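Dumped run35.txt below, it's compact mmCIF, C-alpha atoms and all ligand atoms:
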# COMPACT_ATOMS: atom_id res chain seq x y z
CA MET A 1 -15.79 18.13 33.04
CA ARG A 2 -14.81 15.06 35.03
CA THR A 3 -14.32 11.44 33.97
CA ARG A 4 -12.35 8.43 35.20
CA VAL A 5 -10.22 7.96 32.07
CA ALA A 6 -9.39 10.66 29.52
CA ILE A 7 -8.42 8.98 26.23
CA ILE A 8 -6.54 10.94 23.58
CA GLY A 9 -7.07 9.53 20.10
CA SER A 10 -9.99 7.69 18.54
CA GLY A 11 -8.11 5.11 16.47
CA PRO A 12 -8.56 1.39 17.19
CA ALA A 13 -6.56 1.65 20.45
CA GLY A 14 -8.57 4.52 21.95
CA LEU A 15 -11.96 3.20 20.84
CA LEU A 16 -11.29 -0.35 22.04
CA LEU A 17 -10.01 0.85 25.41
CA ALA A 18 -13.13 2.98 25.89
CA GLN A 19 -15.32 -0.01 25.03
CA LEU A 20 -13.53 -2.44 27.39
CA LEU A 21 -13.66 0.12 30.22
CA ASP A 22 -17.34 0.76 29.60
CA LEU A 23 -18.05 -2.97 29.94
CA SER A 24 -16.44 -2.78 33.40
CA GLY A 25 -18.50 0.25 34.37
CA ILE A 26 -15.66 2.78 34.00
CA ASP A 27 -16.57 5.98 32.16
CA SER A 28 -14.20 7.68 29.76
CA VAL A 29 -14.06 10.68 27.43
CA ILE A 30 -12.30 10.52 24.05
CA VAL A 31 -10.58 13.57 22.57
CA GLU A 32 -9.75 13.25 18.84
CA ARG A 33 -8.19 15.67 16.37
CA GLN A 34 -10.08 14.43 13.28
CA THR A 35 -13.77 13.86 12.49
CA ALA A 36 -15.28 10.42 13.22
CA ASP A 37 -15.84 9.91 9.47
CA HIS A 38 -12.18 10.57 8.75
CA VAL A 39 -11.11 8.12 11.46
CA SER A 40 -13.30 5.31 10.14
CA SER A 41 -12.39 5.73 6.48
CA ARG A 42 -8.56 5.56 6.80
CA ILE A 43 -7.34 2.61 4.71
CA ARG A 44 -4.73 0.89 6.84
CA ALA A 45 -4.32 -2.58 8.34
CA GLY A 46 -6.36 -5.61 7.30
CA ILE A 47 -5.09 -8.80 8.98
CA LEU A 48 -6.28 -9.77 12.46
CA GLU A 49 -4.58 -12.36 14.66
CA SER A 50 -6.91 -14.88 16.29
CA GLY A 51 -6.06 -13.32 19.70
CA THR A 52 -7.21 -9.93 18.35
CA VAL A 53 -10.48 -11.48 17.18
CA ASP A 54 -10.96 -12.96 20.69
CA VAL A 55 -10.42 -9.53 22.30
CA LEU A 56 -12.86 -7.85 19.89
CA ARG A 57 -15.48 -10.52 20.61
CA LYS A 58 -14.93 -10.09 24.36
CA ALA A 59 -15.44 -6.36 23.83
CA GLY A 60 -18.85 -7.06 22.30
CA VAL A 61 -17.94 -5.99 18.76
CA GLY A 62 -17.53 -9.45 17.24
CA GLU A 63 -20.89 -9.92 15.55
CA ARG A 64 -20.20 -8.46 12.07
CA LEU A 65 -16.60 -9.60 12.33
CA SER A 66 -17.73 -13.22 12.84
CA ALA A 67 -20.07 -12.97 9.86
CA GLU A 68 -17.80 -11.14 7.42
CA ALA A 69 -14.14 -11.81 8.26
CA ILE A 70 -12.39 -14.20 5.89
CA GLU A 71 -10.39 -16.90 7.68
CA HIS A 72 -6.94 -17.63 6.24
CA ARG A 73 -5.00 -20.74 7.20
CA GLY A 74 -1.69 -19.16 6.16
CA ILE A 75 0.20 -17.19 3.52
CA TYR A 76 2.18 -17.84 0.34
CA LEU A 77 5.88 -17.01 0.20
CA GLN A 78 7.15 -16.42 -3.33
CA TRP A 79 10.45 -15.88 -5.09
CA PRO A 80 11.11 -16.13 -8.83
CA GLY A 81 9.79 -19.44 -10.12
CA GLU A 82 8.43 -20.66 -6.73
CA ARG A 83 5.26 -20.02 -4.71
CA ARG A 84 5.08 -21.99 -1.46
CA HIS A 85 2.20 -22.17 1.02
CA LEU A 86 2.79 -21.92 4.78
CA ASP A 87 -0.07 -23.43 6.79
CA PHE A 88 -0.30 -21.63 10.16
CA VAL A 89 -3.09 -23.87 11.44
CA GLU A 90 -0.93 -26.92 10.86
CA SER A 91 2.24 -25.45 12.34
CA ALA A 92 0.95 -23.03 15.01
CA ASN A 93 -2.61 -24.20 15.54
CA ARG A 94 -4.23 -20.84 14.74
CA ALA A 95 -5.50 -18.95 11.71
CA VAL A 96 -5.57 -15.22 10.82
CA TYR A 97 -8.58 -13.19 9.66
CA VAL A 98 -9.01 -10.65 6.85
CA TYR A 99 -11.11 -7.77 8.21
CA GLY A 100 -10.16 -4.17 7.46
CA GLN A 101 -9.18 -1.62 10.09
CA THR A 102 -11.97 0.54 8.62
CA GLU A 103 -14.48 -2.14 9.64
CA VAL A 104 -12.98 -2.64 13.13
CA THR A 105 -13.18 1.14 13.64
CA LYS A 106 -16.78 1.36 12.40
CA ASP A 107 -17.85 -1.47 14.76
CA LEU A 108 -16.14 0.26 17.71
CA LEU A 109 -17.62 3.66 16.84
CA ALA A 110 -21.10 2.11 16.70
CA ALA A 111 -20.56 0.44 20.09
CA ARG A 112 -19.41 3.72 21.63
CA GLU A 113 -22.45 5.55 20.32
CA LYS A 114 -24.66 2.84 21.82
CA ALA A 115 -22.84 3.11 25.17
CA GLY A 116 -23.54 6.86 25.18
CA GLN A 117 -20.03 7.79 26.32
CA GLN A 118 -18.79 11.26 25.44
CA ALA A 119 -16.29 12.03 22.68
CA PHE A 120 -14.93 15.29 21.27
CA TYR A 121 -13.97 15.20 17.60
CA GLN A 122 -12.04 17.92 15.73
CA ALA A 123 -10.30 18.85 19.01
CA ASP A 124 -7.38 21.25 18.69
CA ALA A 125 -4.38 22.17 20.88
CA VAL A 126 -4.67 19.06 23.07
CA ALA A 127 -2.35 19.30 26.09
CA LEU A 128 -1.73 17.04 29.11
CA HIS A 129 -1.17 18.35 32.66
CA ASP A 130 -0.27 17.24 36.23
CA LEU A 131 0.48 13.69 35.14
CA THR A 132 2.39 12.76 38.29
CA THR A 133 -0.53 13.66 40.55
CA ASP A 134 -3.77 11.73 41.24
CA ARG A 135 -5.68 14.45 39.39
CA PRO A 136 -4.24 14.71 35.88
CA TYR A 137 -6.17 16.74 33.32
CA VAL A 138 -6.35 17.39 29.60
CA THR A 139 -7.08 20.72 27.92
CA PHE A 140 -8.08 21.43 24.32
CA ARG A 141 -10.28 23.58 22.09
CA ASP A 142 -13.43 21.80 20.88
CA ALA A 143 -14.86 21.87 17.33
CA ASP A 144 -16.49 25.26 18.07
CA GLY A 145 -13.21 26.71 19.31
CA VAL A 146 -14.38 26.65 22.97
CA ALA A 147 -11.66 25.92 25.57
CA GLN A 148 -12.34 22.64 27.42
CA ARG A 149 -10.79 20.89 30.41
CA ILE A 150 -11.24 17.23 31.38
CA ASP A 151 -10.20 16.16 34.88
CA ALA A 152 -9.53 12.44 35.18
CA ASP A 153 -8.01 9.72 37.35
CA VAL A 154 -5.92 8.49 34.45
CA VAL A 155 -4.94 9.80 31.00
CA VAL A 156 -4.25 7.34 28.17
CA GLY A 157 -2.35 8.42 25.06
CA CYS A 158 -3.75 6.48 22.08
CA ASP A 159 -2.84 9.31 19.72
CA GLY A 160 -0.54 7.56 17.27
CA TYR A 161 2.96 8.45 16.19
CA HIS A 162 2.36 12.21 15.82
CA GLY A 163 0.20 12.79 18.92
CA PRO A 164 1.20 14.90 21.95
CA SER A 165 1.09 12.20 24.66
CA LYS A 166 4.54 10.71 24.42
CA ARG A 167 6.07 14.18 24.23
CA ALA A 168 4.54 14.84 27.68
CA MET A 169 6.77 12.09 29.15
CA PRO A 170 10.07 13.48 30.45
CA GLY A 171 13.16 11.26 30.32
CA ARG A 172 11.74 8.77 27.85
CA ARG A 173 14.05 6.85 25.55
CA SER A 174 13.31 6.06 21.91
CA TRP A 175 14.72 3.52 19.47
CA GLU A 176 14.22 4.00 15.76
CA ARG A 177 15.08 2.35 12.44
CA ALA A 178 14.18 4.08 9.17
CA TYR A 179 14.20 1.70 6.20
CA PRO A 180 15.64 2.71 2.83
CA PHE A 181 12.39 1.85 1.05
CA ALA A 182 8.65 2.51 1.27
CA TRP A 183 5.43 0.78 0.20
CA LEU A 184 3.18 1.98 -2.56
CA GLY A 185 -0.23 0.83 -1.27
CA VAL A 186 -3.05 0.25 -3.75
CA LEU A 187 -6.72 -0.51 -3.09
CA ALA A 188 -8.50 -1.90 -6.16
CA GLU A 189 -12.03 -2.94 -6.98
CA VAL A 190 -11.22 -6.41 -8.22
CA ALA A 191 -11.69 -9.91 -6.84
CA PRO A 192 -8.44 -11.28 -5.33
CA SER A 193 -6.42 -13.46 -7.71
CA THR A 194 -5.40 -15.63 -4.75
CA ASP A 195 -7.13 -17.37 -1.85
CA GLU A 196 -4.49 -16.21 0.70
CA LEU A 197 -1.89 -13.40 0.83
CA ILE A 198 1.18 -13.66 -1.43
CA TYR A 199 4.45 -12.19 -0.09
CA ALA A 200 6.78 -12.00 -3.09
CA TRP A 201 10.53 -11.39 -3.17
CA HIS A 202 11.57 -10.03 -6.57
CA GLU A 203 14.75 -8.66 -8.12
CA ASP A 204 12.92 -5.33 -8.75
CA GLY A 205 11.56 -5.15 -5.20
CA PHE A 206 8.99 -6.75 -2.88
CA ALA A 207 5.30 -7.09 -3.79
CA LEU A 208 2.34 -8.17 -1.65
CA HIS A 209 -1.05 -9.32 -2.85
CA SER A 210 -3.51 -8.83 0.00
CA MET A 211 -7.28 -8.36 0.04
CA ARG A 212 -10.15 -6.78 1.91
CA SER A 213 -13.15 -8.80 0.66
CA ASP A 214 -14.32 -11.03 -2.19
CA THR A 215 -14.52 -7.96 -4.43
CA VAL A 216 -11.74 -5.64 -3.16
CA SER A 217 -8.01 -6.37 -3.32
CA ARG A 218 -5.09 -4.62 -1.64
CA PHE A 219 -1.61 -4.56 -3.15
CA TYR A 220 1.76 -3.19 -2.11
CA LEU A 221 4.93 -2.53 -4.11
CA GLN A 222 8.34 -1.74 -2.67
CA VAL A 223 9.35 1.74 -3.89
CA ASP A 224 11.89 4.40 -3.01
CA PRO A 225 10.77 6.55 -0.02
CA ALA A 226 11.14 9.67 -2.21
CA GLU A 227 8.85 8.22 -4.89
CA ARG A 228 6.08 10.58 -6.01
CA ILE A 229 2.65 9.01 -6.36
CA GLU A 230 2.06 11.02 -9.56
CA GLU A 231 4.76 8.91 -11.21
CA TRP A 232 2.70 5.76 -10.69
CA SER A 233 -0.09 5.59 -13.27
CA ASP A 234 -2.59 2.74 -12.80
CA ASP A 235 -1.09 1.03 -15.85
CA ARG A 236 2.40 1.17 -14.36
CA ILE A 237 1.12 -0.24 -11.06
CA TRP A 238 -0.60 -3.22 -12.76
CA GLU A 239 2.43 -3.86 -14.95
CA GLN A 240 4.78 -3.92 -11.94
CA LEU A 241 2.42 -6.09 -9.88
CA ALA A 242 2.06 -8.59 -12.77
CA SER A 243 5.84 -8.72 -13.17
CA ARG A 244 6.77 -9.04 -9.48
CA LEU A 245 3.98 -11.54 -8.68
CA HIS A 246 4.46 -13.51 -11.92
CA LEU A 247 4.21 -17.29 -11.78
CA ASP A 248 3.74 -19.56 -14.81
CA GLY A 249 0.10 -20.60 -15.13
CA TRP A 250 -1.20 -17.87 -12.78
CA ASP A 251 -2.89 -14.62 -13.84
CA LEU A 252 -3.36 -11.36 -11.97
CA LYS A 253 -6.85 -9.90 -12.36
CA THR A 254 -6.95 -6.10 -12.71
CA GLY A 255 -9.67 -3.53 -11.99
CA PRO A 256 -10.31 0.12 -11.11
CA VAL A 257 -7.83 1.58 -8.59
CA LEU A 258 -9.80 3.10 -5.67
CA GLU A 259 -6.89 4.56 -3.69
CA LYS A 260 -3.10 4.68 -3.90
CA SER A 261 -0.48 6.23 -1.61
CA VAL A 262 3.17 5.90 -0.57
CA LEU A 263 3.72 4.72 3.02
CA PRO A 264 7.05 5.27 4.78
CA MET A 265 8.48 2.26 6.65
CA ARG A 266 9.94 2.59 10.11
CA SER A 267 10.43 0.75 13.37
CA PHE A 268 10.03 2.90 16.48
CA VAL A 269 9.70 2.13 20.19
CA THR A 270 9.52 4.63 23.04
CA THR A 271 9.95 3.58 26.67
CA PRO A 272 8.57 3.48 29.27
CA MET A 273 4.90 3.23 28.29
CA ARG A 274 3.83 4.82 31.56
CA HIS A 275 4.64 8.07 33.33
CA GLY A 276 2.71 8.71 36.57
CA ARG A 277 -0.97 8.67 35.62
CA LEU A 278 -0.28 8.71 31.86
CA PHE A 279 -0.24 5.42 29.94
CA LEU A 280 0.61 4.99 26.25
CA ALA A 281 -0.96 2.38 23.96
CA GLY A 282 -0.69 1.47 20.27
CA ASP A 283 1.12 3.58 17.70
CA ALA A 284 1.67 6.31 20.33
CA ALA A 285 4.36 4.03 21.79
CA HIS A 286 5.54 1.97 18.84
CA ILE A 287 5.49 1.71 15.06
CA VAL A 288 6.35 -1.41 13.08
CA PRO A 289 6.79 -1.75 9.32
CA PRO A 290 3.60 -3.39 8.02
CA THR A 291 5.33 -6.49 6.55
CA GLY A 292 4.43 -8.65 9.56
CA ALA A 293 0.84 -7.27 9.80
CA LYS A 294 1.45 -6.37 13.43
CA GLY A 295 0.54 -2.66 13.90
CA LEU A 296 -3.17 -2.99 14.62
CA ASN A 297 -2.71 -6.29 16.46
CA LEU A 298 -0.11 -4.75 18.78
CA ALA A 299 -2.44 -1.85 19.54
CA VAL A 300 -5.19 -4.32 20.50
CA ALA A 301 -2.77 -6.33 22.67
CA ASP A 302 -1.62 -3.19 24.54
CA VAL A 303 -5.19 -2.14 25.19
CA SER A 304 -6.24 -5.58 26.34
CA VAL A 305 -3.46 -5.60 28.97
CA LEU A 306 -4.09 -1.95 29.91
CA ALA A 307 -7.86 -2.35 30.32
CA ASP A 308 -7.34 -5.11 32.92
CA ALA A 309 -4.72 -2.96 34.68
CA LEU A 310 -7.01 0.10 34.80
CA VAL A 311 -9.98 -1.90 36.08
CA ALA A 312 -7.76 -3.28 38.88
CA LEU A 313 -6.45 0.22 39.64
CA LEU A 314 -9.71 2.16 39.48
CA VAL A 315 -12.25 -0.39 40.74
CA ASP A 316 -10.21 -2.50 43.18
CA ALA A 317 -7.58 0.14 44.10
CA SER A 318 -4.99 -2.47 43.22
CA PRO A 319 -1.96 -0.93 41.46
CA GLU A 320 0.14 -4.05 40.67
CA LEU A 321 -1.04 -4.57 37.07
CA ALA A 322 -0.77 -0.85 36.29
CA ASP A 323 2.75 -0.81 37.74
CA ALA A 324 3.68 -3.80 35.56
CA TYR A 325 1.91 -2.49 32.40
CA SER A 326 4.91 -0.95 30.69
CA ASP A 327 7.14 -4.01 31.17
CA THR A 328 4.36 -6.45 30.25
CA ALA A 329 3.43 -4.58 27.08
CA LEU A 330 7.03 -3.94 26.02
CA ARG A 331 7.95 -7.63 26.10
CA ARG A 332 5.40 -8.23 23.34
CA VAL A 333 6.23 -4.96 21.57
CA TRP A 334 9.90 -5.91 21.20
CA ARG A 335 9.04 -9.45 20.08
CA CYS A 336 6.75 -8.06 17.36
CA THR A 337 9.29 -5.35 16.51
CA HIS A 338 11.86 -8.07 15.90
CA PHE A 339 9.45 -10.17 13.79
CA SER A 340 8.39 -7.18 11.68
CA TRP A 341 12.03 -6.19 11.12
CA TRP A 342 12.92 -9.80 10.22
CA MET A 343 10.08 -10.18 7.69
CA THR A 344 10.98 -6.78 6.22
CA SER A 345 14.68 -7.63 5.97
CA MET A 346 13.99 -11.02 4.36
CA LEU A 347 11.59 -9.78 1.70
CA HIS A 348 12.76 -6.36 0.51
CA ARG A 349 15.43 -5.91 -2.11
CA HIS A 350 18.18 -3.82 -0.51
CA GLY A 351 21.91 -4.08 -0.15
CA ASP A 352 23.92 -5.96 -2.76
CA ASP A 353 23.61 -9.24 -4.66
CA PHE A 354 25.23 -11.13 -1.77
CA ASP A 355 22.38 -9.94 0.49
CA ALA A 356 19.89 -11.08 -2.16
CA GLN A 357 21.32 -14.61 -2.06
CA LEU A 358 21.07 -14.65 1.75
CA GLN A 359 17.42 -13.58 1.49
CA LEU A 360 16.66 -16.36 -0.99
CA ALA A 361 18.41 -18.91 1.24
CA GLN A 362 16.28 -17.74 4.18
CA LEU A 363 13.06 -17.94 2.16
CA ARG A 364 13.86 -21.50 1.02
CA ARG A 365 14.66 -22.45 4.61
CA VAL A 366 11.30 -21.16 5.86
CA ALA A 367 9.44 -22.97 3.07
CA ASP A 368 11.35 -26.27 3.44
CA SER A 369 11.88 -26.64 7.19
CA ALA A 370 8.95 -27.37 9.53
CA ALA A 371 10.88 -25.73 12.40
CA ALA A 372 11.56 -22.52 10.43
CA ALA A 373 7.99 -22.41 9.11
CA ARG A 374 6.66 -22.81 12.63
CA GLU A 375 8.72 -19.89 13.88
CA LEU A 376 7.20 -17.63 11.21
CA ALA A 377 3.70 -19.05 11.74
CA GLU A 378 3.69 -18.57 15.54
CA ASN A 379 4.77 -14.95 15.20
CA TYR A 380 2.54 -14.05 12.24
CA ALA A 381 -0.58 -15.74 13.62
CA GLY A 382 0.05 -14.04 16.95
CA LEU A 383 1.79 -14.76 20.24
CA PRO A 384 -0.15 -14.80 23.53
CA ILE A 385 -1.34 -11.35 24.54
CA ALA A 386 -0.16 -11.37 28.14
CA GLY A 387 3.21 -12.91 28.97
CA GLY A 388 4.69 -16.01 27.36
CA VAL A 389 5.83 -14.22 24.20
CA HIS A 390 9.14 -16.01 24.25
CA GLY A 391 7.44 -19.39 23.82
C1 LIG B 401 -0.84 4.99 6.33
C2 LIG B 401 -0.80 3.78 7.21
C3 LIG B 401 -0.98 2.50 6.65
C4 LIG B 401 -0.93 1.38 7.48
N1 LIG B 401 -1.07 0.15 6.92
C5 LIG B 401 -0.99 -0.94 7.71
C6 LIG B 401 -1.10 -2.24 7.18
O1 LIG B 401 -1.24 -2.41 5.98
N2 LIG B 401 -0.99 -3.29 8.03
C7 LIG B 401 -0.81 -3.13 9.39
O2 LIG B 401 -0.75 -4.10 10.16
N3 LIG B 401 -0.73 -1.91 9.92
C8 LIG B 401 -0.80 -0.82 9.11
N4 LIG B 401 -0.70 0.40 9.65
C9 LIG B 401 -0.57 0.48 11.11
C10 LIG B 401 -1.92 0.44 11.82
O3 LIG B 401 -2.88 1.11 11.06
C11 LIG B 401 -1.72 1.09 13.18
O4 LIG B 401 -0.81 0.30 13.90
C12 LIG B 401 -3.03 1.25 13.98
O5 LIG B 401 -3.85 2.22 13.39
C13 LIG B 401 -2.72 1.65 15.43
O6 LIG B 401 -3.86 2.12 16.06
P1 LIG B 401 -3.78 3.32 17.11
O7 LIG B 401 -5.16 3.51 17.60
O8 LIG B 401 -2.70 3.04 18.08
O9 LIG B 401 -3.27 4.57 16.28
P2 LIG B 401 -4.00 5.42 15.15
O10 LIG B 401 -4.89 4.54 14.34
O11 LIG B 401 -2.94 6.18 14.44
O12 LIG B 401 -4.92 6.40 15.95
C14 LIG B 401 -4.39 7.54 16.61
C15 LIG B 401 -5.47 8.59 16.68
O13 LIG B 401 -4.98 9.70 17.41
C16 LIG B 401 -5.40 10.87 16.76
N5 LIG B 401 -4.52 12.00 17.11
C17 LIG B 401 -3.29 12.27 16.64
N6 LIG B 401 -2.84 13.44 17.15
C18 LIG B 401 -3.81 13.91 17.96
C19 LIG B 401 -3.93 15.06 18.76
N7 LIG B 401 -2.98 16.00 18.79
N8 LIG B 401 -5.06 15.24 19.47
C20 LIG B 401 -6.06 14.30 19.43
N9 LIG B 401 -6.00 13.19 18.67
C21 LIG B 401 -4.88 12.98 17.95
C22 LIG B 401 -5.32 10.53 15.28
O14 LIG B 401 -6.11 11.39 14.48
C23 LIG B 401 -5.84 9.10 15.29
O15 LIG B 401 -7.24 9.01 15.10
C24 LIG B 401 -0.73 1.53 8.87
C25 LIG B 401 -0.56 2.81 9.40
C26 LIG B 401 -0.59 3.92 8.60
C27 LIG B 401 -0.37 5.28 9.21
Here is a file; write its structure as structure tokens.
Amino acid sequence: MRTRVAIIGSGPAGLLLAQLLDLSGIDSVIVERQTADHVSSRIRAGILESGTVDVLRKAGVGERLSAEAIEHRGIYLQWPGERRHLDFVESANRAVYVYGQTEVTKDLLAAREKAGQQAFYQADAVALHDLTTDRPYVTFRDADGVAQRIDADVVVGCDGYHGPSKRAMPGRRSWERAYPFAWLGVLAEVAPSTDELIYAWHEDGFALHSMRSDTVSRFYLQVDPAERIEEWSDDRIWEQLASRLHLDGWDLKTGPVLEKSVLPMRSFVTTPMRHGRLFLAGDAAHIVPPTGAKGLNLAVADVSVLADALVALLVDASPELADAYSDTALRRVWRCTHFSWWMTSMLHRHGDDFDAQLQLAQLRRVADSAAAARELAENYAGLPIAGGVHG
């Protein structure tokens, strides 16, 4: 089989890239390990930067998003006895949008079906070959166990942290930070008890009140990475959330828990993001802890830059943008890696009581100083996708 671009992975990065290429008349084939249903039902990210929304609209998948996404002007920062609102629109001139990764994925899957481009789900033993030639190819076994080979002009690894693409890059360098805590994520069928997200520092550990819709809320609790989910009954979860999010005069609504799981927290970057005719995008090249809501947004930013580079390379035979892709993408990756690390370090209880006082001083500074609030707002609401990330 022959295509212009072989895409490994059908998460948001792979699906969006396929869609943007299709709009420019470039055909692609997606190879994915899971079923399409599995891919679209994974409960993950839920906050979109305004730049991400612009890219999704440009990709032709903005209709339901425009109708259903909930616009947030900012977030609340909380520490015991205080809940302070940061207004991103006021300080950075842009809002963020609540729209689940599940919904983004469903919209992209529907668009791909409409475009009639080919995809192989439940693919096994995916391997990449001849990446430093003009004729790279990908091999795998399809859902029926039949050996397949896709010849392409370019291969793009959108296969997340565990996928094979980055391992096919010789001489790459990786940077990693494992955090000494994890998040217990909870999806609950209950109306949010807040109009915008609450990020709460607490003596017993961080808590986040997020949401997915008017009827579904998302919560996170800082826990030990070795914590077993069986030790967290629904009652214990609600009791801890009520305690860590407590504010006089405010009540937390509770409801049936739909899903709960423990998520490890790490920062990871691998460089370069290109080797010959192989390009990496999204979680295949970098992981951020979710505190800054950057994972999905970074994947979209990578793909936006890469789609332009591949159109220039494959349609106009102009290699400059493709040659610059890794450096261009990494500038934003490292900025977002720093922001995600900074938010994580400020909000999670770790270290000793001296560290706790430093965290509280930092939180008060962000809430009280227009300059400090603006720094958080610009990063959270999203820096420009191409270039200019250092302001
Ligand atoms: C459990 C979890 C919770 C998260 N929660 C949040 C959150 O609350 N907020 C936030 O901002 N971000 C969150 N993230 C991060 C965010 O979801 C990711 O940054 C985003 O999914 C990146 O998209 P992607 O397409 O690059 O990677 P992925 O969505 O991981 O997609 C990669 C795809 O590649 C496929 N694949 C893997 N190996 C192979 C193979 N061998 N062959 C073929 N296909 C393969 C996978 O099945 C997957 O479909 C979370 C991530 C995880 C894992």
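Taking CA of Ala168 in chain A and CA of Leu128 in chain A as the two end points, the separation is 6.8 Å.
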**Request:** For Ala125 in chain A, work out the shell of residues within 10 Å, counting only C-alpha atoms and skipping chain neighbours fewer than 3 positions away, then give it as a PyMOL selection string.
**Result:** chain A and resi 33+139-142+147+164
**Exercise answer, 7 Å around ligand LIG 401 (chain B) with only C-alpha atoms and all ligand atoms, as an MDAnalysis selection string** = chainID A and resid 8:14 31:34 39 43:47 101 123:126 158:164 263 281:284 287 290 292:297 299
**Nearest residue to Leu347 in chain A from the set A:Ala207, A:Met265, A:Leu187, A:Ala119 (distances using only C-alpha atoms)** =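 Among the listed residues, A:Ala207 lies closest to Leu347 in chain A.
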**Request:** Using all atoms listed in the file, find all polymer residues with an atom at most 12 Å away from the point (10.3, 7.3, 0.3); report them as an NGL selection string.
**Result:** :A and (178-184 or 222-229 or 261-266)
**Message:** Excluding Pro192 in chain A and its own-chain neighbours fewer than 4 positions away, which residues fall within 10 Å of it when counting all atoms listed in the file? Please give them as number ranges by chain.
**Reply:** A: 188, 196-197, 209-219, 252-254
**Two-atom distance - CA of Tyr380 in chain A, CA of Ala356 in chain A (Å)** = 22.7 Å
**Asked** Of the candidates A:Val96, A:Gln118, A:Leu48, A:Asp353, which one gets nearest to Asp22 in chain A if we count all atoms listed in the file?
**Response** A:Gln118
**Request:** Give me the residues within 12 Å of Val55 in chain A as a PyMOL selection string, counting all atoms listed in the file and dropping any in the same chain fewer than 2 places off.
**Result:** chain A and resi 13+16-17+19-20+48-53+57-62+65+104+297-305+307-308+384-386
**Request:** With a distance cut-off of 12 Å and only C-alpha atoms, select the neighbouring residues of Leu241 in chain A, excluding the residue or stretch itself and same-chain residues fewer than 3 positions from it, and output the selection as a ChimeraX atom specification.
**Result:** /A:184-186,193,198-202,204-210,218-222,232,234-238,244-247,251-254
Contacts of Phe88 in chain A at 10 Å or less, counting only C-alpha atoms, minus same-chain residues fewer than 5 places along, as a PDB file with C-alpha atoms, in the frame of the given file?
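Listed below is the output, around.pdb:
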ATOM      1  CA  HIS A  72      -6.940 -17.630   6.240  1.00  0.00           C
ATOM      2  CA  ARG A  73      -5.000 -20.740   7.200  1.00  0.00           C
ATOM      3  CA  GLY A  74      -1.690 -19.160   6.160  1.00  0.00           C
ATOM      4  CA  ILE A  75       0.200 -17.190   3.520  1.00  0.00           C
ATOM      5  CA  ASN A  93      -2.610 -24.200  15.540  1.00  0.00           C
ATOM      6  CA  ARG A  94      -4.230 -20.840  14.740  1.00  0.00           C
ATOM      7  CA  ALA A  95      -5.500 -18.950  11.710  1.00  0.00           C
ATOM      8  CA  VAL A  96      -5.570 -15.220  10.820  1.00  0.00           C
ATOM      9  CA  ALA A 373       7.990 -22.410   9.110  1.00  0.00           C
ATOM     10  CA  ARG A 374       6.660 -22.810  12.630  1.00  0.00           C
ATOM     11  CA  GLU A 375       8.720 -19.890  13.880  1.00  0.00           C
ATOM     12  CA  LEU A 376       7.200 -17.630  11.210  1.00  0.00           C
ATOM     13  CA  ALA A 377       3.700 -19.050  11.740  1.00  0.00           C
ATOM     14  CA  GLU A 378       3.690 -18.570  15.540  1.00  0.00           C
ATOM     15  CA  ASN A 379       4.770 -14.950  15.200  1.00  0.00           C
ATOM     16  CA  TYR A 380       2.540 -14.050  12.240  1.00  0.00           C
ATOM     17  CA  ALA A 381      -0.580 -15.740  13.620  1.00  0.00           C
TER      18      ALA A 381
END
Closest-contact table, range 45-94 of chain A side, partner range 358-364 of chain A, 9 Å, counting only C-alpha atoms, as a tab-separated table:
residue	atom	partner	partner_atom	distance
A:Leu77	CA	A:Leu363	CA	7.5
A:Gln78	CA	A:Leu363	CA	8.2
A:Trp79	CA	A:Leu360	CA	7.5
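Restricting the calculation to all atoms listed in the file, the smallest distance between Glu231 in chain A and any of A:Val288, A:Ala322, A:Ala115, A:Lys260 is found for A:Lys260.
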**Request:** Around the point (-7.0, 1.9, 38.1) in the file's coordinates, collect all residues with an atom within 12 Å, using all atoms listed in the file, and return them as an MDAnalysis selection string.
**Result:** chainID A and resid 4:5 21 24 26:27 134 152:156 276:279 306:323 325
**Message:** I need the residue nearest Met1 in chain A from this list: A:Leu15, A:Ile150, A:Ala36, A:Ala143. Use only C-alpha atoms for the distance.
**Reply:**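 So, comparing all the options, the nearest one is A:Ile150.
When CA of Ser340 in chain A is paired with CA of Thr328 in chain A, their separation reads 19.0 Å.
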